[in-house]
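Worksheet: one structure, shown below.
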Amino acid sequence: MAVSFPNPKDGIARHAIGLDRYMWGNDHPRAKGTFPHTTAALKRAFAGADPGDLDEIFAGTPARVHGFDLDKLAADAVRVGPLVDEVAKPLDEIPAGVASPALFRD
């Protein structure tokens with residue numbers, strides 16, 4: 001299952017679906033996309049998640065499915081983010097003016 005706009009229920013569903021079949025991706029550079037609030041959207045969906053789960057969702061599973069070399073991408077991942085430890089923290093408030101369904105649907 002590939003999830004572009006996960007909500008908290010979708011975040012919890014990772015357990016039922018299996019981490020080896022659950023990954024996040026975002027290719028929606030449009031009004032309803034999450035940019036520039038992608039980290040906030042991911043915090044909302046995955047706050048409190050085990051960092052190992054998040055590493056699988058954001059890196060491990062996509063790398064296996066698409067053949068990415070995570071060692072070669074490590075510096076870019078740190079530069080671009082968001083980082084697992086950022087996403088695991090709760091979202092304090094939903095940013096104003098957001099149109100993405102990731103930040104307002106349950």
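In the structure tokens, chains take the letters A, B, ... in the order shown, each chain's residues start at 1, and ligands count up from 1 in the order shown.
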Item checked: Per-residue DSSP, chain A, filtered to strand (DSSP E or B), as a VMD selection string -> chain A and resid 2 to 3 23 to 24
Margin query: List the spatial neighbours of Val87 (chain A) as a VMD selection string - criterion: any atom at most 8 Å away, only C-alpha atoms, same-chain residues fewer than 4 positions off excluded.
Written below: chain A and resid 39 to 40 42 to 43 46 to 47 82 to 83
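Restricting the calculation to only C-alpha atoms, the smallest distance between Phe5 (chain A) and any of A:Arg44, A:Leu19, A:Ala59, A:Asp92 is found for A:Arg44.
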Margin query: I'd like to know which residues of chain A are alpha helix (DSSP H) (by DSSP, run on the backbone); could you write them as number ranges by chain?
Written below: A: 8-12, 14-17, 38-46, 51-55, 61-66, 70-80, 84-87
Next item on the list: Write out as a PyMOL selection string the residues lying within 9 Å of Thr34 (chain A), counting only C-alpha atoms and excluding same-chain residues fewer than 5 positions away.
Entry: chain A and resi 5+26+28-29+39-41+98-103
Notebook entry, point to check: Closest to Ser4 (chain A) among A:Val84, A:Leu70, A:Met23, A:Ala75, using only C-alpha atoms?
Noted result: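 Looking only at the distances to Ser4 (chain A), the closest residue turns out to be A:Met23.
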Next item on the list: May I ask for the distance between CA of Lys89 (chain A) and CA of Lys32 (chain A), given in Å to one decimal place?
Entry: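 Separation between CA of Lys89 (chain A) and CA of Lys32 (chain A): 23.3 Å.
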Item checked: Straight-line distance linking CA of Pro8 (chain A) with CA of Ala88 (chain A), stated in Å to one decimal -> 12.3 Å
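Across A:Asp55, A:Glu86, A:Asp71, A:Asp50, the tightest approach to Trp24 (chain A) is made by A:Asp55 when counting only C-alpha atoms.
Using only C-alpha atoms for every distance, the candidate list A:Gly52, A:Gly60, A:Pro36, A:Pro6 yields A:Gly60 as the residue closest to Asp20 (chain A).
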